[in-house]
Every structure is written in structure tokens, then in C-alpha cells.
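**Q** Next up is a structure, given as C-alpha cells.
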Amino acid sequence: MFLDTLAENCRVNPQKIALQFIGGEAVSYAQLAETTSRSAHYLRALGLKPGDRAAVQLPKCLPFIYLHLAAMQIGVVFLPLNPGYPPAELRYFLADAGARFLFADKANQPALAEMMPSLPALQEAIFVDSEAPWGERVSGYSAQPVSLPKSSEQRAMMLYTSGTTSRPKGALITHGNLTANIKALHEAWGWRADDTLLHALPIFHVHGLVVALHGALHAGATAHLLPGFDAAEALGLLQSRRYSVFMGVPTMHRRLYTQAAGRRIDLSFMRLMTSGSDRLPDDLFFGYQRIFGVTLLERYGMTETGMNLSNPLHGERRVGSVGAPLPGVQARIADPATDLPLPDDVVGEVQIRGAHVFAGYWQQPEKTAQAFTDDGWLRTGDLGARAPDGYFTLKGRGKDLIISGGLNVYPPEVELALMAHMAVSACAVIGCPDAEWGEQVVAVIVLAPGAAADAEGIRAHCRQRLAAYKMPRRVIFAAELPRNALGKVQKAVLRGQMCEQ
């Protein structure tokens with residue numbers, strides 16, 4: 001399993017650098033193993049037992065990583081939480097998960113102290129100075145390795161869904177799920193021990209924690225971590241240190257592209273640059289080829305599964321497509337009403353099956369049952385189509401589908417047309433109730449700095465690219481779009497804001 005491979009990497013290459021925050025102390029694989037073991041004994045001394053939930057709300061830092069690895073080593077279910085959650089939101093996650101311990105940033109202690117009495121399951125909140133050497137806190141505990149979990153069914157993490165359509169649900173991820181996904185990515189993306197990863201993603205989410213960090217550690221590679229993302233800093237590091245791997249979301253890639261300001265900057269030496277968590281706009285796909293000499297690799301995953309589909313490392317990386325199933329992953333397009341497979345090029349629900357698929361939702365057996373078909377396929381809720389050659393293209397969330405006058409309108413298609421307008425910096429298309437049509441197509445647009453456009457000009461632009469029934473009936477200009485921590489547009493929030501106007 002993943003932890004066994006990591007332990008072997010620590011044994012074989014003890015002096016190799018495993019982790020280093022940019023400008024901070026380098027951590028060798030030997031140091032990683034020792035401090036993680038001490039941290040595991042520390043957690044046991046606190047009274048944490050297999051199956052307990054330990055919540056961590058810390059910024060991106062070494063203590064977070066040590067707590068994560070240590071918790072998994074002793075069978076504790078690791079619950080990473082966005083450091084930006086205010087106490088009211090944090091209370092929901094801690095109460096729902098029945099977390100026994102919370103490790104939180106010392107700077108938030110006054111704000112969180114009032115919340116503690118309302119959480120009877122929470123045994124203790126431990127406040128951590130994320131900049132202080134974690135090794136000093138655990139130096140008095142044994143460095144002897146702990147025996148690692150043997151069962152692939154044992155729960156490793158609980159990751160909360162984004163909650164775009166309902167209250168967030170805790171997705172239970174087993175050691176077997178993690179291992180299956182990392183092995184598939186190792187094979188598909190050609191992870192190597194000599195890789196160097198510039199890690200710029202948050203680590204409370206599956207993308208940054210599992211896909212990026214676990215990926216590097218599983219390969220025995222080196223990860224250099226940025227506490228936060230700054231486009232100028234990241235682009236400078238990519239150029240000067242010649243990293244081989246970088247993973248980002250479209251918002252980050254947009255900022256890197258803008259930072260280049262039209263200059264040709266050679267990043268063609270990079271082995272792998274991925275994009276995910278939201279659709280990559282076509283202009284960025286082609287812009288990266290032109291400016292950086294890089295073809296971004298787009299892929300598709302979700303909290304409940306990790307990665308499912310990917311464009312190939314070698315072969316055609318198709319614009320607008322998320323590629324084909326990863327090794328060991330089954331994917332199909334099915335009729336959401338019947339769960340029966342649909343022919344190629346027909347839009348339906350993306351359904352996934354494989355050893356990487358999560359074990360279920362925490363204490364929600366009905367939601368878990370609804371998520372799976374009778375023969376074990378996960379209903380992702382995402383719409384898509386499969387091309388005859390096996391490439392999948394996403395068409396948006398099923399709940400975002402707009403039915404206007406009895407005809408289906410897929411928001412990504414309209415958004416693609418809108419993004420071709422020179423004045424449009426970002427956009428989102430939603431459906432709002434309409435007495436005549438059932439739903440009307442509404443475009444919410446953020447203009448590029450210094451650009452000007454009006455609603456009729458936008459519609460005239462779309463008229464050249466879209467059938468009449470797909471045309472935005474309303475165009476709303478906004479200063480920004482509501483996004484989650486990884487930059488994905490929160491359309492449920494937009495509908496609540498815009499459909500009342």
C-alpha cells in the first residue's frame with residue numbers, strides 16, 4: 001500500500017530530499033520517516049485510536065504533513081479542513097464527523113475557543129504554531145516505526161464534498177482507494193524518482209494532498225512546496241529551477257499565462273504539467289503551447305475517487321477532453337434515468353467503477369446507496385460523452401443542465417462561445433426559472449481589465465456561434481464569480497444570487 005511504498009523509499013534513499021518549503025528547511029526521506037514515527041507515537045499518547053477522526057485545520061505547512069502521515073499510520077481517520085473556514089462552518093464539519101481531536105492554527109485560538117463547549121465529541125483542541133519546528137514538539141516520543149495498517153479496507157481519510165447542491169458529505173477514503181489511485185497515476189503519468197515537483201496547490205483537498213503530494217512521495221521524488229500561489233513567484237521558479245512536474249487548476253494557469261504577458265518563455269523542458277478541478281478554457285490550452293511550449297494535460301477526478309480519466313502522457317492531448325480511463329478504472333456514459341449504457345457521442349451521466357472509488361458517505365447510508373447503481377457503478381452526477389476512440393468530454397454537472405423549451409443546453413458549450421469574445425475574462429452560464437420556456441439561459445460575465453462590452457454586443461457575438469435556443473437571454477456583468485478553494489465556480493451560489501434579479 002501507499003504507506004509501505006513510502007516506508008521503502010525512506011529506507012532505500014534516506015538522504016534524498018523528500019520535502020522542502022521554498023526558502024525553508026529541507027526534509028530528507030530519513031527525517032520524514034523519523035518525525036512521522038515520533039508524531040504517530042505522540043498521537044497514540046494523546047489517546048487517539050484506530051477509527052477515531054482527527055481534524056486538522058492548519059495552513060500549508062510541515063506540521064500538517066506530519067500529522068497526516070502519522071494519523072494514517074496508526075489507523076486514525078485524517079480529516080483535513082480548509083484553513084479559511086470560519087468557526088460557524090468549522091463547527092458543522094467537526095460535529096458531523098464526530099472528531100475527537102482538532103489541530104488548529106494558534107492564531108485562531110481566540111476565535112475557536114467559544115465554539116468548543118458546543119462539540120461534546122471533541123475531546124481536545126490542540127493549537128499549533130505552524131512556523132515553529134514540529135520536531136521539537138514530538139522529540140520526546142519514540143522514533144521506532146509503528147506497524148502500518150494491513151487491511152486495504154481500513155479508512156485512511158475523510159474528505160468533505162464541496163456541498164454545491166446540499167450540505168457537504170464526508171467521503172470515506174480507504175487505504176486501498178488511495179493506493180489504487182496512486183498506482184494508476186504512477187503508471188499513467190510516468191512518475192520517476194528523479195522528478196522534482198513544484199507544489200503550489202492547497203493540501204486540504206484531494207488534488208494537492210493525494211494527487212500531487214502522495215504522487216511525489218510514492219515515486220520517491222522531491223516536492224518543493226509553496227505556502228500559497230503567487231504567479232510571478234511560481235513562474236520564476238519554474239524557469240530557474242527547471243522543475244519536471246507542476247499541477248494546477250485553470251485559475252492558476254490563467255494567472256501564469258497573464259504573468260507571461262505575451263513573452264515567449266520556454267518551459268518545454270517540463271515533463272508534466274496538468275490541469276484539473278474545472279474545465280480548461282481552449283484559449284489557455286493553445287496559449288500554453290504558443291507561449292510556454294507546453295501542452296497541458298487535462299484530467300478528471302472528484303473527491304470520492306481521486307483521479308478517473310486522463311489525457312495521455314504520450315499521445316494526443318485533446319483540447320476540451322479529459323482523456324480516457326486510467327489503468328484499473330472503468331468508465332461509461334449511461335442514461336441517468338435507467339443507468340443503461342449509451343452509445344458513443346451521446347450525452348449522458350459519467351459513471352465510474354474501480355478499486356479507487358470511495359467506501360461511502362459518513363453516516364449517510366441512504367446517500368451512499370443513491371450514489372451507486374445496483375451493479376456497483378458510481379453515479380458521478382457529471383454529464384459527458386465518449387468519442388468512438390475512447391476520449392471523454394465533460395458537459396457539466398447534471399444539476400447544471402439547462403432545459404429551455406424542452407431542449408437541453410449544456411453550459412460549457414455556451415461558456416466556450418462566450419470566452420471567444422475578447423472582452424470576456426471569465427464567465428458562467430446558469431439556468432433560471434422562466435414562465436414561458438421553463439428555464440432561460442443566463443450568462444454571468446467578468447470583463448477583462450480595461451475592456452468594455454454590453455449585453456447586446458455579447459448576444460450578437462454568440463449569435464454567430466450558437467443555435468438560437470442556446471443563446472443567453474440575459475447577460476449579467478459581475479466583478480467576480482463565486483469560487484471554491486480550488487477556483488471552481490460555485491453555480492449553486494450564482495443561481496441563488498442571479499435568478500432573483
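Each chain of the C-alpha cells is named A, B, ... in the order shown, its residues numbered from 1; ligands are numbered from 1 in display order.
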If you run DSSP on this backbone, which residues of region 317-385 of chain A come out as alpha helix (DSSP H), and could you give them as a tab-separated table (two decimals) with all heavy atoms, in the first residue's frame?

**A**
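Just written: result_26.tsv:
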```
chain	number	residue	atom	x	y	z
A	365	PRO	N	-26.13	6.30	4.96
A	365	PRO	CA	-26.32	5.11	4.12
A	365	PRO	C	-27.26	5.34	2.94
A	365	PRO	O	-27.07	4.76	1.87
A	365	PRO	CB	-26.89	4.08	5.10
A	365	PRO	CG	-27.42	4.87	6.25
A	365	PRO	CD	-26.54	6.07	6.36
A	366	GLU	N	-28.26	6.20	3.11
A	366	GLU	CA	-29.18	6.46	2.00
A	366	GLU	C	-28.48	7.20	0.87
A	366	GLU	O	-28.67	6.86	-0.31
A	366	GLU	CB	-30.39	7.26	2.50
A	366	GLU	CG	-31.31	6.46	3.42
A	366	GLU	CD	-32.55	7.24	3.81
A	366	GLU	OE1	-32.70	8.40	3.32
A	366	GLU	OE2	-33.35	6.73	4.60
A	367	LYS	N	-27.68	8.21	1.23
A	367	LYS	CA	-26.92	8.93	0.20
A	367	LYS	C	-25.92	8.01	-0.48
A	367	LYS	O	-25.70	8.10	-1.70
A	367	LYS	CB	-26.20	10.12	0.83
A	367	LYS	CG	-27.11	11.20	1.38
A	367	LYS	CD	-27.73	12.02	0.26
A	367	LYS	CE	-28.49	13.21	0.82
A	367	LYS	NZ	-29.17	13.98	-0.26
A	368	THR	N	-25.32	7.11	0.29
A	368	THR	CA	-24.37	6.17	-0.29
A	368	THR	C	-25.07	5.25	-1.28
A	368	THR	O	-24.58	5.03	-2.40
A	368	THR	CB	-23.70	5.33	0.82
A	368	THR	OG1	-22.99	6.21	1.71
A	368	THR	CG2	-22.72	4.32	0.24
A	369	ALA	N	-26.23	4.72	-0.89
A	369	ALA	CA	-26.98	3.83	-1.78
A	369	ALA	C	-27.38	4.56	-3.06
A	369	ALA	O	-27.33	3.99	-4.15
A	369	ALA	CB	-28.20	3.29	-1.05
A	370	GLN	N	-27.79	5.82	-2.94
A	370	GLN	CA	-28.19	6.60	-4.11
A	370	GLN	C	-27.03	6.87	-5.06
A	370	GLN	O	-27.23	7.06	-6.26
A	370	GLN	CB	-28.80	7.93	-3.67
A	370	GLN	CG	-30.13	7.80	-2.95
A	370	GLN	CD	-30.55	9.09	-2.28
A	370	GLN	OE1	-29.94	10.14	-2.46
A	370	GLN	NE2	-31.62	9.04	-1.48
A	371	ALA	N	-25.81	6.86	-4.50
A	371	ALA	CA	-24.64	7.19	-5.31
A	371	ALA	C	-24.22	6.06	-6.23
A	371	ALA	O	-23.45	6.29	-7.18
A	371	ALA	CB	-23.46	7.58	-4.40
```

**Q** Check which residues of region 62-118 of chain A sit at most 10 Å from region 207-230 of chain A using only C-alpha atoms, and return one row each with the closest pair of atoms and their distance in Å to one decimal, ordered by chain and rising number, as a Markdown table.

**A**
```
| residue | atom | partner | partner_atom | distance |
| --- | --- | --- | --- | --- |
| A:Leu62 | CA | A:Leu225 | CA | 9.8 |
| A:Ile65 | CA | A:Leu209 | CA | 8.9 |
| A:His68 | CA | A:Leu209 | CA | 9.5 |
| A:Pro80 | CA | A:Leu209 | CA | 9.4 |
```

**Q** Keeping only C-alpha atoms, write the selected residues as a short mmCIF file (atom, residue, chain, number, x, y, z; two decimals), in the first residue's frame.

**A**
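Saved result, again_12.cif, follows:
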```
data_model
loop_
_atom_site.label_atom_id
_atom_site.label_comp_id
_atom_site.auth_asym_id
_atom_site.auth_seq_id
_atom_site.Cartn_x
_atom_site.Cartn_y
_atom_site.Cartn_z
CA LEU A 62 5.15 20.70 7.64
CA ILE A 65 2.02 16.80 6.55
CA HIS A 68 -1.48 13.50 8.07
CA PRO A 80 -8.26 17.89 6.52
#
```

**Q** Could you give me, as a compact mmCIF listing (two decimals) with C-alpha atoms, in the first residue's frame, each residue of region 117-277 of chain A that DSSP assigns to strand (DSSP E) when run on this structure's backbone?

**A**
```
# COMPACT_ATOMS: atom_id res chain seq x y z
CA GLU A 124 -9.39 18.37 22.84
CA ALA A 125 -8.32 21.22 20.54
CA ILE A 126 -4.56 21.49 20.15
CA PHE A 127 -3.27 24.78 18.82
CA VAL A 128 -0.15 24.66 16.68
CA ARG A 155 -10.28 4.04 6.48
CA ALA A 156 -7.47 6.49 5.86
CA MET A 157 -9.17 9.84 5.32
CA MET A 158 -12.49 11.58 5.31
CA LEU A 159 -12.78 14.30 2.69
CA TYR A 160 -15.84 16.51 2.60
CA GLY A 170 -17.90 13.15 4.37
CA ALA A 171 -16.46 10.79 1.75
CA LEU A 172 -14.66 7.86 3.39
CA ILE A 173 -11.40 7.03 1.60
CA THR A 174 -9.69 3.72 2.42
CA THR A 196 11.01 17.43 -8.92
CA LEU A 197 7.53 18.80 -8.24
CA LEU A 198 6.74 22.46 -7.68
CA HIS A 199 3.75 22.06 -5.37
CA THR A 222 11.28 15.60 -4.35
CA ALA A 223 8.48 18.10 -3.70
CA HIS A 224 9.21 21.79 -3.27
CA LEU A 225 6.17 23.44 -1.69
CA VAL A 245 6.24 18.39 -12.73
CA PHE A 246 3.66 21.07 -11.96
CA MET A 247 -0.05 20.60 -11.21
CA GLY A 248 -2.57 23.40 -11.26
CA LEU A 272 4.33 17.03 -17.00
CA MET A 273 2.03 19.99 -16.43
CA THR A 274 -1.54 19.07 -15.53
CA SER A 275 -4.79 20.97 -15.21
```

**Q** Calculated over only C-alpha atoms, which of the candidates A:Ala260, A:Leu94, A:Leu58, A:Leu201 has the smallest distance to Asn108 (chain A)?

**A**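 Closest to Asn108 (chain A), using only C-alpha atoms: A:Leu58.
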